[in-house]
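Okay, coords_24.txt now, which holds compact mmCIF, C-alpha atoms:
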```txt
# COMPACT_ATOMS: atom_id res chain seq x y z
CA MET F 1 -29.57 -34.09 8.81
CA THR F 2 -30.44 -30.67 7.41
CA THR F 3 -33.20 -30.32 9.99
CA LEU F 4 -30.83 -31.24 12.82
CA ARG F 5 -28.18 -28.76 11.62
CA LEU F 6 -30.76 -25.99 11.42
CA ALA F 7 -32.07 -26.91 14.87
CA TRP F 8 -28.56 -26.65 16.31
CA LEU F 9 -27.99 -23.30 14.53
CA PHE F 10 -31.23 -21.86 15.90
CA ALA F 11 -30.44 -23.24 19.36
CA ARG F 12 -27.10 -21.40 19.38
CA ARG F 13 -28.85 -18.18 18.34
CA SER F 14 -31.55 -18.69 20.97
CA PHE F 15 -29.01 -19.10 23.76
CA SER F 16 -27.69 -15.64 22.93
CA ALA F 17 -31.14 -14.32 23.91
CA ARG F 18 -31.47 -15.96 27.32
CA SER F 19 -35.07 -14.91 27.86
CA THR F 20 -36.34 -17.16 25.07
CA VAL F 21 -34.73 -20.17 26.78
CA VAL F 22 -35.05 -19.37 30.49
CA LEU F 23 -38.77 -18.56 30.37
CA PRO F 24 -40.08 -21.88 28.99
CA VAL F 25 -37.55 -23.97 30.95
CA THR F 26 -38.60 -22.24 34.18
CA ALA F 27 -42.28 -22.72 33.42
CA PHE F 28 -41.85 -26.41 32.65
CA ALA F 29 -39.76 -26.90 35.79
CA VAL F 30 -42.51 -25.41 37.98
CA VAL F 31 -45.21 -27.42 36.16
CA THR F 32 -43.34 -30.70 36.60
CA ALA F 33 -42.44 -30.07 40.25
CA LEU F 34 -46.02 -29.19 41.21
CA LEU F 35 -47.42 -32.09 39.21
CA LEU F 36 -45.13 -34.61 40.93
CA ILE F 37 -45.81 -33.16 44.39
CA VAL F 38 -49.60 -33.18 43.88
CA ALA F 39 -49.52 -36.72 42.47
CA GLY F 40 -47.32 -37.86 45.37
CA GLY F 41 -49.79 -36.51 47.91
CA ALA F 42 -52.66 -38.29 46.17
CA GLN F 43 -50.60 -41.50 46.14
CA ALA F 44 -50.26 -41.30 49.93
CA PHE F 45 -54.02 -40.93 50.33
CA PHE F 46 -54.81 -43.89 48.10
CA SER F 47 -52.51 -46.14 50.11
CA TRP F 48 -55.02 -46.07 53.00
CA THR F 49 -57.64 -48.82 53.25
CA ASP F 50 -59.62 -48.19 56.47
CA ASP F 51 -63.17 -46.88 56.86
CA MET F 52 -62.18 -43.21 56.54
CA ALA F 53 -60.03 -43.79 53.46
CA GLY F 54 -62.94 -43.18 51.07
CA MET F 55 -63.56 -39.69 52.44
CA TYR F 56 -59.91 -38.70 52.14
CA GLN F 57 -59.66 -40.16 48.66
CA ALA F 58 -62.72 -38.19 47.55
CA LEU F 59 -61.09 -35.01 48.83
CA ALA F 60 -57.85 -35.96 47.06
CA VAL F 61 -59.74 -36.47 43.77
CA ILE F 62 -61.30 -33.00 44.07
CA ALA F 63 -57.90 -31.44 44.76
CA LEU F 64 -56.33 -33.30 41.82
CA ALA F 65 -59.10 -32.23 39.46
CA LEU F 66 -58.75 -28.61 40.59
CA LEU F 67 -54.96 -28.56 40.22
CA VAL F 68 -53.98 -30.95 37.42
CA VAL F 69 -56.06 -29.26 34.69
CA PRO F 70 -54.57 -25.80 35.42
CA LEU F 71 -51.13 -27.40 35.56
CA LEU F 72 -51.62 -28.89 32.09
CA ALA F 73 -52.91 -25.53 30.85
CA LEU F 74 -49.80 -23.86 32.26
CA GLY F 75 -47.69 -26.50 30.50
CA GLY F 76 -49.43 -25.70 27.22
CA SER F 77 -48.78 -22.01 27.77
CA ALA F 78 -45.11 -22.75 28.43
CA ALA F 79 -44.92 -24.64 25.14
CA ARG F 80 -46.19 -21.57 23.31
CA LEU F 81 -43.91 -19.00 24.95
CA SER F 82 -42.38 -16.56 22.48
CA ALA F 83 -44.44 -18.20 19.74
CA ARG F 84 -44.47 -15.05 17.60
CA ARG F 85 -40.69 -15.03 17.10
CA ARG F 86 -40.68 -18.73 16.33
CA ASP F 87 -43.58 -18.47 13.89
CA ASP F 88 -41.97 -15.53 12.10
CA ARG F 89 -38.72 -17.45 11.72
CA LEU F 90 -40.41 -20.62 10.51
CA ALA F 91 -42.70 -18.72 8.13
CA SER F 92 -39.60 -17.12 6.58
CA LEU F 93 -38.12 -20.58 6.10
CA ARG F 94 -41.33 -21.73 4.41
CA LEU F 95 -41.17 -18.79 2.02
CA LEU F 96 -37.55 -19.70 1.26
CA GLY F 97 -38.61 -23.23 0.29
CA ALA F 98 -38.50 -25.28 3.50
CA THR F 99 -40.93 -28.20 3.46
CA PRO F 100 -43.73 -28.59 6.03
CA ARG F 101 -41.94 -31.68 7.31
CA MET F 102 -38.75 -29.70 8.01
CA VAL F 103 -40.66 -26.89 9.72
CA THR F 104 -42.53 -29.38 11.87
CA GLY F 105 -39.33 -31.16 12.79
CA LEU F 106 -37.59 -27.94 13.80
CA THR F 107 -40.50 -26.90 15.99
CA VAL F 108 -40.90 -30.26 17.69
CA ILE F 109 -37.17 -30.53 18.40
CA GLU F 110 -36.94 -27.01 19.85
CA SER F 111 -40.06 -27.27 22.00
CA THR F 112 -39.39 -30.80 23.22
CA VAL F 113 -35.77 -30.15 24.20
CA LEU F 114 -36.74 -27.10 26.26
CA ALA F 115 -39.65 -28.99 27.84
CA LEU F 116 -37.50 -31.98 28.78
CA ALA F 117 -34.81 -29.71 30.25
CA GLY F 118 -37.45 -27.97 32.36
CA ALA F 119 -39.09 -31.27 33.32
CA LEU F 120 -35.78 -32.72 34.54
CA ALA F 121 -35.19 -29.58 36.59
CA GLY F 122 -38.72 -30.00 37.97
CA VAL F 123 -37.94 -33.58 39.02
CA ILE F 124 -34.95 -32.30 40.98
CA LEU F 125 -37.10 -29.61 42.60
CA SER F 126 -39.72 -32.18 43.60
CA LEU F 127 -37.07 -34.46 45.11
CA LEU F 128 -35.69 -31.56 47.13
CA ALA F 129 -39.20 -30.58 48.28
CA SER F 130 -40.35 -34.13 49.14
CA PRO F 131 -38.86 -34.18 52.68
CA LEU F 132 -40.64 -30.93 53.46
CA VAL F 133 -43.93 -32.12 51.93
CA GLY F 134 -43.61 -35.34 53.93
CA LEU F 135 -43.76 -33.31 57.15
CA ILE F 136 -47.35 -32.22 56.42
CA PRO F 137 -49.65 -33.95 58.94
CA PHE F 138 -52.78 -35.85 57.96
CA ARG F 139 -54.79 -38.09 60.30
CA GLY F 140 -52.57 -37.11 63.21
CA GLU F 141 -49.21 -38.02 61.68
CA ALA F 142 -46.84 -36.83 58.96
CA LEU F 143 -47.22 -38.26 55.46
CA GLY F 144 -43.55 -39.22 55.37
CA MET F 145 -41.81 -40.39 52.23
CA SER F 146 -44.99 -41.99 50.89
CA VAL F 147 -45.35 -38.76 48.89
CA LEU F 148 -42.32 -39.71 46.81
CA LEU F 149 -43.27 -41.23 43.46
CA SER F 150 -41.37 -44.17 42.01
CA PRO F 151 -38.74 -43.50 39.28
CA GLY F 152 -41.09 -45.08 36.75
CA TRP F 153 -43.88 -42.59 37.43
CA MET F 154 -41.40 -39.73 37.36
CA ALA F 155 -40.20 -40.89 33.95
CA VAL F 156 -43.82 -41.05 32.77
CA ALA F 157 -44.38 -37.47 33.98
CA VAL F 158 -41.26 -36.21 32.17
CA ALA F 159 -42.27 -38.02 28.98
CA GLY F 160 -45.79 -36.61 29.28
CA ILE F 161 -44.47 -33.05 29.62
CA GLY F 162 -42.32 -33.57 26.53
CA ALA F 163 -45.29 -34.98 24.59
CA LEU F 164 -47.46 -32.04 25.69
CA ALA F 165 -44.85 -29.59 24.40
CA ALA F 166 -44.51 -31.43 21.08
CA LEU F 167 -48.28 -31.60 20.60
CA SER F 168 -48.73 -27.90 21.42
CA ALA F 169 -45.98 -27.01 18.97
CA VAL F 170 -47.50 -29.06 16.15
CA VAL F 171 -50.99 -27.63 16.74
CA GLY F 172 -49.57 -24.11 16.70
CA LEU F 173 -47.91 -24.70 13.33
CA ARG F 174 -51.11 -24.89 11.30
CA GLY F 175 -51.03 -21.21 10.35
CA VAL F 176 -47.32 -21.29 9.51
CA ILE F 177 -47.65 -24.26 7.19
CA LEU F 178 -50.90 -23.28 5.49
CA SER F 179 -50.28 -19.53 5.11
CA PRO F 180 -46.63 -18.57 5.73
CA LEU F 181 -46.98 -15.17 4.05
CA GLY F 182 -49.99 -14.29 6.19
CA VAL F 183 -48.09 -15.24 9.33
CA ARG F 184 -44.98 -13.30 8.28
CA THR F 185 -46.93 -10.14 7.47
CA ARG F 186 -49.49 -10.67 10.28
CA GLU F 187 -52.40 -10.04 7.98
CA GLN F 188 -55.04 -12.05 9.82
CA ALA F 189 -55.79 -12.12 13.52
CA PRO F 190 -56.81 -15.48 15.01
CA ARG F 191 -60.56 -16.08 14.99
CA ILE F 192 -62.52 -17.48 17.92
CA HIS F 193 -65.97 -18.90 17.28
CA TRP F 194 -69.02 -18.40 19.49
CA VAL F 195 -69.47 -22.18 19.53
CA ARG F 196 -66.99 -22.15 22.44
CA ALA F 197 -69.60 -20.39 24.58
CA VAL F 198 -72.31 -22.89 23.64
CA VAL F 199 -70.09 -25.87 24.44
CA SER F 200 -68.99 -24.34 27.76
CA VAL F 201 -72.55 -23.63 28.91
CA ALA F 202 -73.59 -27.15 27.90
CA VAL F 203 -70.73 -28.70 29.90
CA ILE F 204 -71.48 -26.63 33.03
CA ALA F 205 -75.19 -27.49 32.79
CA SER F 206 -74.34 -31.19 32.40
CA VAL F 207 -72.01 -31.14 35.42
CA PHE F 208 -74.70 -29.40 37.48
CA ALA F 209 -77.31 -32.01 36.52
CA VAL F 210 -74.98 -34.95 37.19
CA LEU F 211 -73.92 -33.63 40.60
CA MET F 212 -77.57 -33.07 41.52
CA ALA F 213 -78.20 -36.76 40.85
CA LEU F 214 -75.00 -37.85 42.61
CA GLN F 215 -76.65 -38.02 46.04
CA ALA F 216 -78.59 -41.11 44.96
CA VAL F 217 -75.42 -43.02 43.98
CA ALA F 218 -73.98 -45.36 46.60
CA ASP F 219 -70.94 -46.76 44.75
CA VAL F 220 -67.78 -44.97 45.96
CA GLY F 221 -65.90 -45.62 42.71
CA VAL F 222 -68.65 -44.02 40.64
CA VAL F 223 -68.77 -41.01 42.98
CA LEU F 224 -65.00 -40.49 42.71
CA ALA F 225 -65.10 -40.77 38.91
CA VAL F 226 -67.98 -38.29 38.63
CA LEU F 227 -66.26 -35.81 40.94
CA ALA F 228 -63.00 -36.02 38.99
CA VAL F 229 -64.65 -35.61 35.59
CA GLY F 230 -67.10 -32.96 36.78
CA PHE F 231 -64.63 -30.68 38.55
CA GLY F 232 -61.88 -31.23 35.98
CA GLY F 233 -64.27 -30.57 33.10
CA SER F 234 -65.51 -27.38 34.73
CA VAL F 235 -61.97 -26.05 35.06
CA ALA F 236 -61.21 -27.06 31.47
CA VAL F 237 -64.17 -25.15 29.99
CA LEU F 238 -62.83 -21.97 31.56
CA ASN F 239 -59.91 -22.23 29.14
CA LEU F 240 -62.37 -22.85 26.32
CA ILE F 241 -64.71 -19.91 26.87
CA GLY F 242 -62.17 -17.44 28.30
CA PRO F 243 -60.62 -16.23 25.00
CA TRP F 244 -64.06 -15.80 23.41
CA VAL F 245 -65.28 -13.64 26.31
CA LEU F 246 -62.14 -11.50 26.23
CA ARG F 247 -62.50 -10.95 22.47
CA LEU F 248 -66.11 -9.91 22.94
CA VAL F 249 -65.24 -7.43 25.70
CA ALA F 250 -62.19 -6.04 23.87
CA THR F 251 -64.24 -5.41 20.72
CA GLY F 252 -66.58 -3.15 22.69
CA GLN F 253 -63.66 -1.43 24.44
CA ALA F 254 -61.94 -0.69 21.12
CA ARG F 255 -65.10 0.92 19.76
CA ARG F 256 -65.53 3.12 22.85
CA ALA F 257 -61.83 4.00 23.37
CA ARG F 258 -61.17 7.72 23.91
CA THR F 259 -57.46 7.58 24.80
CA VAL F 260 -54.37 6.04 23.23
CA ARG F 261 -53.74 3.63 26.10
CA ARG F 262 -57.34 2.36 26.04
CA LEU F 263 -57.23 1.79 22.27
CA LEU F 264 -53.81 0.14 22.41
CA ALA F 265 -54.90 -2.12 25.29
CA ALA F 266 -58.05 -3.24 23.45
CA ARG F 267 -56.18 -3.83 20.19
CA SER F 268 -53.53 -5.83 22.05
CA ILE F 269 -56.24 -8.19 23.31
CA LEU F 270 -57.85 -8.47 19.87
CA GLU F 271 -54.48 -9.26 18.28
CA SER F 272 -54.50 -12.58 20.12
CA PRO F 273 -57.35 -13.26 22.58
CA LYS F 274 -55.78 -16.62 23.43
CA ALA F 275 -52.53 -14.94 24.46
CA ALA F 276 -54.49 -12.36 26.46
CA TRP F 277 -56.37 -15.16 28.20
CA ARG F 278 -53.14 -16.96 29.10
CA GLN F 279 -51.99 -13.82 30.92
CA VAL F 280 -55.02 -13.82 33.23
CA SER F 281 -55.96 -17.50 33.27
CA GLY F 282 -54.10 -17.97 36.55
CA VAL F 283 -56.54 -15.63 38.28
CA ALA F 284 -59.43 -17.54 36.70
CA MET F 285 -58.13 -20.71 38.31
CA THR F 286 -57.57 -18.92 41.60
CA SER F 287 -61.10 -17.54 41.54
CA PHE F 288 -62.45 -21.02 40.83
CA MET F 289 -60.35 -22.43 43.67
CA ALA F 290 -61.43 -19.63 46.04
CA VAL F 291 -65.05 -20.79 46.03
CA PHE F 292 -64.04 -24.30 47.10
CA ALA F 293 -61.66 -22.91 49.70
CA GLY F 294 -64.42 -20.67 51.11
CA VAL F 295 -66.88 -23.54 51.26
CA GLY F 296 -64.25 -25.68 52.99
CA VAL F 297 -63.69 -22.99 55.63
CA SER F 298 -67.45 -22.70 56.19
CA LEU F 299 -67.75 -26.46 56.57
CA MET F 300 -64.97 -26.44 59.15
CA ASP F 301 -66.64 -23.60 61.04
CA ALA F 302 -69.93 -25.51 61.08
CA ALA F 303 -68.24 -28.67 62.35
CA GLY F 304 -65.90 -26.92 64.78
CA ASP F 305 -68.03 -27.56 67.86
CA SER F 306 -68.26 -31.30 67.31
CA ALA F 307 -67.13 -33.36 70.30
CA ASP F 308 -66.25 -36.38 68.15
CA PRO F 309 -62.42 -36.74 67.97
CA THR F 310 -62.65 -38.28 64.49
CA SER F 311 -64.69 -35.34 63.23
CA ARG F 312 -62.26 -32.85 64.72
CA LEU F 313 -59.37 -34.65 63.05
CA LEU F 314 -61.21 -34.61 59.72
CA VAL F 315 -61.89 -30.87 60.10
CA ALA F 316 -58.20 -30.22 60.78
CA ASP F 317 -57.21 -32.28 57.73
CA ILE F 318 -59.70 -30.43 55.51
CA ARG F 319 -58.19 -27.16 56.72
CA THR F 320 -54.72 -28.44 55.82
CA GLY F 321 -55.92 -29.60 52.41
CA VAL F 322 -57.56 -26.26 51.66
CA ILE F 323 -54.38 -24.37 52.55
CA ILE F 324 -52.21 -26.66 50.40
CA THR F 325 -54.55 -26.41 47.42
CA VAL F 326 -54.77 -22.62 47.60
CA VAL F 327 -50.98 -22.26 47.99
CA ALA F 328 -50.39 -24.53 44.98
CA SER F 329 -52.91 -22.48 43.02
CA PHE F 330 -51.12 -19.25 43.90
CA LEU F 331 -47.79 -20.74 42.84
CA MET F 332 -49.32 -21.52 39.45
CA VAL F 333 -50.71 -17.99 39.22
CA ALA F 334 -47.32 -16.46 40.00
CA CYS F 335 -45.51 -18.67 37.49
CA SER F 336 -48.12 -18.25 34.77
CA ALA F 337 -48.33 -14.48 35.21
CA GLY F 338 -44.57 -13.98 35.20
CA VAL F 339 -43.69 -16.07 32.17
CA ASN F 340 -46.68 -14.96 30.12
CA GLN F 341 -46.09 -11.28 30.82
CA ALA F 342 -42.45 -11.53 29.82
CA ALA F 343 -43.29 -13.62 26.77
CA GLY F 344 -45.95 -11.10 25.76
CA VAL F 345 -43.33 -8.34 25.68
CA LEU F 346 -40.98 -10.49 23.57
CA ASP F 347 -43.73 -11.54 21.17
CA ARG F 348 -44.77 -7.89 20.60
CA ARG F 349 -41.21 -6.63 20.26
CA ASP F 350 -41.84 -5.05 16.84
CA LEU F 351 -44.91 -3.19 18.14
CA TYR F 352 -43.13 -1.68 21.13
CA VAL F 353 -40.08 -0.75 19.06
CA SER F 354 -42.32 0.99 16.51
CA LEU F 355 -44.17 2.89 19.24
CA ASP F 356 -40.86 3.95 20.76
CA ARG F 357 -39.64 5.26 17.40
CA ILE F 358 -42.71 7.40 16.87
CA GLY F 359 -42.21 8.97 20.28
CA MET F 360 -44.58 7.14 22.63
CA PRO F 361 -43.27 7.32 26.22
CA VAL F 362 -42.33 4.06 27.91
CA SER F 363 -44.63 4.95 30.81
CA GLU F 364 -47.57 5.10 28.40
CA MET F 365 -46.64 1.69 26.94
CA ASN F 366 -46.53 0.20 30.43
CA ALA F 367 -49.89 1.79 31.24
CA ALA F 368 -51.45 0.31 28.09
CA ARG F 369 -49.87 -3.06 28.84
CA SER F 370 -51.23 -2.99 32.39
CA ARG F 371 -54.71 -2.08 31.19
CA ALA F 372 -54.65 -4.90 28.62
CA VAL F 373 -54.14 -7.34 31.50
CA LEU F 374 -55.92 -5.79 34.48
CA SER F 375 -59.06 -4.80 32.60
CA PRO F 376 -60.10 -8.41 31.82
CA LEU F 377 -59.35 -9.51 35.39
CA ARG F 378 -62.65 -8.36 36.85
CA ILE F 379 -64.62 -10.30 34.21
CA VAL F 380 -62.40 -13.35 34.53
CA GLY F 381 -62.53 -13.34 38.33
CA ILE F 382 -66.29 -12.89 38.62
CA GLY F 383 -67.08 -15.33 35.81
CA SER F 384 -64.87 -18.08 37.24
CA ALA F 385 -66.31 -17.64 40.74
CA VAL F 386 -69.86 -17.86 39.38
CA THR F 387 -68.94 -21.01 37.43
CA ALA F 388 -67.49 -22.63 40.56
CA ALA F 389 -70.58 -21.65 42.57
CA VAL F 390 -72.84 -23.32 40.00
CA VAL F 391 -70.75 -26.50 40.08
CA VAL F 392 -70.50 -26.74 43.86
CA PHE F 393 -74.10 -25.74 44.58
CA PRO F 394 -75.57 -29.30 44.33
CA LEU F 395 -73.09 -30.49 46.97
CA THR F 396 -73.21 -27.60 49.44
CA GLY F 397 -76.35 -25.52 48.92
CA MET F 398 -76.84 -21.76 49.04
CA SER F 399 -76.22 -21.34 52.77
CA LEU F 400 -72.55 -22.30 52.53
CA LEU F 401 -71.99 -20.37 49.31
CA LEU F 402 -73.32 -17.14 50.80
CA SER F 403 -71.86 -17.52 54.27
CA PRO F 404 -69.64 -14.63 55.44
CA LEU F 405 -66.59 -16.89 55.72
CA THR F 406 -66.99 -18.13 52.16
CA LEU F 407 -67.34 -14.62 50.78
CA MET F 408 -64.34 -13.40 52.80
CA VAL F 409 -62.10 -16.22 51.56
CA VAL F 410 -63.21 -15.65 47.95
CA ALA F 411 -62.48 -11.92 48.21
CA ALA F 412 -59.08 -12.53 49.83
CA CYS F 413 -58.06 -15.08 47.19
CA LEU F 414 -59.15 -12.81 44.34
CA ALA F 415 -57.22 -9.90 45.85
CA ALA F 416 -54.12 -12.09 46.18
CA GLY F 417 -54.44 -13.24 42.56
CA VAL F 418 -54.77 -9.69 41.26
CA LEU F 419 -51.76 -8.60 43.32
CA LEU F 420 -49.68 -11.45 41.86
CA VAL F 421 -50.53 -10.41 38.31
CA TRP F 422 -49.83 -6.76 39.14
CA ALA F 423 -46.45 -7.76 40.61
CA ALA F 424 -45.69 -9.76 37.45
CA LEU F 425 -46.47 -6.69 35.34
CA ARG F 426 -44.10 -4.59 37.42
CA ALA F 427 -41.40 -7.24 37.29
CA THR F 428 -41.47 -7.41 33.47
CA ARG F 429 -40.80 -3.70 32.97
CA PRO F 430 -37.03 -4.36 32.68
CA VAL F 431 -37.83 -6.81 29.86
CA LEU F 432 -39.51 -4.00 27.92
CA ASP F 433 -36.53 -1.74 28.62
CA ARG F 434 -34.17 -4.38 27.18
CA VAL F 435 -36.40 -4.84 24.13
CA LEU F 436 -36.28 -1.10 23.41
CA ALA F 437 -32.52 -1.04 23.98
CA GLU F 438 -32.00 -3.92 21.50
CA PRO F 439 -34.65 -3.33 18.83
CA SER F 440 -33.27 -5.73 16.20
CA PRO F 441 -32.39 -9.12 17.69
CA SER F 442 -31.36 -11.95 15.40
CA LEU F 443 -34.01 -14.57 14.79
```
Please, can you express the file's structure as structure tokens?
Amino acid sequence: MTTLRLAWLFARRSFSARSTVVLPVTAFAVVTALLLIVAGGAQAFFSWTDDMAGMYQALAVIALALLVVPLLALGGSAARLSARRRDDRLASLRLLGATPRMVTGLTVIESTVLALAGALAGVILSLLASPLVGLIPFRGEALGMSVLLSPGWMAVAVAGIGALAALSAVVGLRGVILSPLGVRTREQAPRIHWVRAVVSVAVIASVFAVLMALQAVADVGVVLAVLAVGFGGSVAVLNLIGPWVLRLVATGQARRARTVRRLLAARSILESPKAAWRQVSGVAMTSFMAVFAGVGVSLMDAAGDSADPTSRLLVADIRTGVIITVVASFLMVACSAGVNQAAGVLDRRDLYVSLDRIGMPVSEMNAARSRAVLSPLRIVGIGSAVTAAVVVFPLTGMSLLLSPLTLMVVAACLAAGVLLVWAALRATRPVLDRVLAEPSPSL
């Protein structure tokens, strides 16, 4: 009962600061809506049973693997929004005598309630979008309402989003429970081990080897399973190695910094490489997706002169699938960039208030904040594109990867991703202004 009363008290305080509630709820709503729409489209494909069904189902598996993993990563990011304020508050409770069980209960309740509220809003969004999604043509006719999932699957999705939020909250509590004073005084920055790089390289090499051997496999079920695991695993390792790479780069930038904004940007990344990665991870996913989109466009160009009506229909459907996948990816980038940029300002409230009090101009803070995000983008974009090229090489070969159309699509997608992140940075400037106007919010 004490835990529930404290949870209600903190909830009332949180609602007075709308940003801490609106941000995660919005993120979870977008995650749930996109997840249900993507799953509904895959459901429509797997309802077909004719000779061409296997080809479409293979393409659906690739699209699912490319989109579901980033969606889950975005859900995990949403669960950790404004984590610094929450950790500070819970660490203070631990120092005042709260038990680990109470702290865990408070965190799980807060995170799960926000996630479920966002997930329910996402269900409504997906229901509203289903008639429009059903108009998308495949195989010469609209998908119709076959894209609408059953209430049971929707309930499973909502429960899964809630479980993801609860799990992310519990995992994030390790530092609060084990060292509350260190968390409260921020004495130790999170450490990221180089083992991440070794594991990531090993996974990419394994996927490359398995896909090279895939051409000798005749069983369709095995091929679909390998494609799903291979592409999904490749996207997942980006989230594993990304923070380690950013920490490595930021360490060198901090040593070579000659201006205040460069030093502040590098130190901001080193304060939490995982948080820095979350702010640019959307572009990493977009870069990864861009390679597949470029290869798809090249394949369509190569098959464009075919006189076979079935082949022409397949080419048109691949084009539609590429457009849908890229648009969904950009929606994730926009959502991820917006909520993570705003959350980053809220989590570093004390830093920005201190800089303001010692006389640092707001324009200089925004410049340092922009550099802390835009500087890693070039490494993230290039690294993700190279990873995707390695993964797709066994299936397409060098000619498609280096074709002008592929390179043009990759460049266009990367430019669009960078512009989305830049727009998110510009849009969060009012958040920084509000933080400086209200330097001492209640926890």
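The coordinates place CA of Asn340 (chain F) at 11.4 Å from CA of Lys274 (chain F).
Counting all atoms listed in the file, the residue from F:Met332, F:Leu436, F:Val226, F:Val362 that sits nearest to Ala58 (chain F) is F:Val226.
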At most 12 Å is the cut-off: for each residue in region 355-415 of chain F with any atom that close to an atom of region 346-349 of chain F, write down the nearest atom pair and the distance in Å rounded to one decimal, counting all atoms listed in the file, chain first then increasing number, as JSON lines.
```
{"residue": "F:Leu355", "atom": "CA", "partner": "F:Arg349", "partner_atom": "CA", "distance": 10.0}
{"residue": "F:Asp356", "atom": "CA", "partner": "F:Arg349", "partner_atom": "CA", "distance": 10.6}
{"residue": "F:Met365", "atom": "CA", "partner": "F:Arg348", "partner_atom": "CA", "distance": 11.6}
{"residue": "F:Arg369", "atom": "CA", "partner": "F:Arg348", "partner_atom": "CA", "distance": 10.8}
```
Quote the spacing between CA of Ala388 (chain F) and CA of Met285 (chain F) in Å to one decimal place.
-> 9.8 Å
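Of the listed residues (F:Ile241, F:Val431, F:Val291, F:Ala367), F:Val291 comes nearest to Ala385 (chain F); the distances count all atoms listed in the file.
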Fewer than 4 positions away in the same chain doesn't count, so skip those; otherwise give me all residues within 9 Å of region 41-49 of chain F, counting only C-alpha atoms, as a VMD selection string.
-> chain F and resid 36 to 37 53 to 54 56 to 57 60 to 61 63 to 64 133 to 134 143 to 149
Same residues, C-alpha atoms, saved as a tab-separated table (two decimals), keeping the file's coordinate frame:
```
chain	number	residue	atom	x	y	z
F	36	LEU	CA	-45.13	-34.61	40.93
F	37	ILE	CA	-45.81	-33.16	44.39
F	53	ALA	CA	-60.03	-43.79	53.46
F	54	GLY	CA	-62.94	-43.18	51.07
F	56	TYR	CA	-59.91	-38.70	52.14
F	57	GLN	CA	-59.66	-40.16	48.66
F	60	ALA	CA	-57.85	-35.96	47.06
F	61	VAL	CA	-59.74	-36.47	43.77
F	63	ALA	CA	-57.90	-31.44	44.76
F	64	LEU	CA	-56.33	-33.30	41.82
F	133	VAL	CA	-43.93	-32.12	51.93
F	134	GLY	CA	-43.61	-35.34	53.93
F	143	LEU	CA	-47.22	-38.26	55.46
F	144	GLY	CA	-43.55	-39.22	55.37
F	145	MET	CA	-41.81	-40.39	52.23
F	146	SER	CA	-44.99	-41.99	50.89
F	147	VAL	CA	-45.35	-38.76	48.89
F	148	LEU	CA	-42.32	-39.71	46.81
F	149	LEU	CA	-43.27	-41.23	43.46
```
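In this comparison, which uses only C-alpha atoms, the residue of F:Ala166, F:Ile161, F:Val235, F:Leu135 approaching Ser384 (chain F) most closely is F:Val235.
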Option closest in space to Ala389 (chain F), from F:Met360, F:Leu120, F:Leu351, F:Ala293 [counting only C-alpha atoms] | F:Ala293
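The gap separating CA of Gln341 (chain F) from CA of Ser268 (chain F) is 12.7 Å, in Å to one decimal.
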If you count all atoms listed in the file, which residues fall within 12 Å of Thr320 (chain F), apart from same-chain ones fewer than 2 positions away, as number ranges by chain?
-> F: 59-60, 63, 136-140, 142, 293, 296-297, 300, 313-318, 322-327
Deliver the residues from the most recent selection as a file, using C-alpha atoms, as a PDB file, in the coordinates of the input.
```pdb
ATOM      1  CA  LEU F  59     -61.090 -35.010  48.830  1.00  0.00           C
ATOM      2  CA  ALA F  60     -57.850 -35.960  47.060  1.00  0.00           C
ATOM      3  CA  ALA F  63     -57.900 -31.440  44.760  1.00  0.00           C
ATOM      4  CA  ILE F 136     -47.350 -32.220  56.420  1.00  0.00           C
ATOM      5  CA  PRO F 137     -49.650 -33.950  58.940  1.00  0.00           C
ATOM      6  CA  PHE F 138     -52.780 -35.850  57.960  1.00  0.00           C
ATOM      7  CA  ARG F 139     -54.790 -38.090  60.300  1.00  0.00           C
ATOM      8  CA  GLY F 140     -52.570 -37.110  63.210  1.00  0.00           C
ATOM      9  CA  ALA F 142     -46.840 -36.830  58.960  1.00  0.00           C
ATOM     10  CA  ALA F 293     -61.660 -22.910  49.700  1.00  0.00           C
ATOM     11  CA  GLY F 296     -64.250 -25.680  52.990  1.00  0.00           C
ATOM     12  CA  VAL F 297     -63.690 -22.990  55.630  1.00  0.00           C
ATOM     13  CA  MET F 300     -64.970 -26.440  59.150  1.00  0.00           C
ATOM     14  CA  LEU F 313     -59.370 -34.650  63.050  1.00  0.00           C
ATOM     15  CA  LEU F 314     -61.210 -34.610  59.720  1.00  0.00           C
ATOM     16  CA  VAL F 315     -61.890 -30.870  60.100  1.00  0.00           C
ATOM     17  CA  ALA F 316     -58.200 -30.220  60.780  1.00  0.00           C
ATOM     18  CA  ASP F 317     -57.210 -32.280  57.730  1.00  0.00           C
ATOM     19  CA  ILE F 318     -59.700 -30.430  55.510  1.00  0.00           C
ATOM     20  CA  VAL F 322     -57.560 -26.260  51.660  1.00  0.00           C
ATOM     21  CA  ILE F 323     -54.380 -24.370  52.550  1.00  0.00           C
ATOM     22  CA  ILE F 324     -52.210 -26.660  50.400  1.00  0.00           C
ATOM     23  CA  THR F 325     -54.550 -26.410  47.420  1.00  0.00           C
ATOM     24  CA  VAL F 326     -54.770 -22.620  47.600  1.00  0.00           C
ATOM     25  CA  VAL F 327     -50.980 -22.260  47.990  1.00  0.00           C
TER      26      VAL F 327
END
```
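The closest residue to Thr286 (chain F), picked from F:Leu425, F:Val345, F:Leu270, F:Leu420 and counting all atoms listed in the file, is F:Leu420.
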Where is the centre and how long are the edges: axis-aligned box on region 336-340 of chain F, 8 Å on each side, Å to one decimal, as lines of an AutoDock Vina configuration file:
```
center_x = -46.0
center_y = -16.1
center_z = 32.7
size_x = 20.6
size_y = 20.3
size_z = 21.1
```
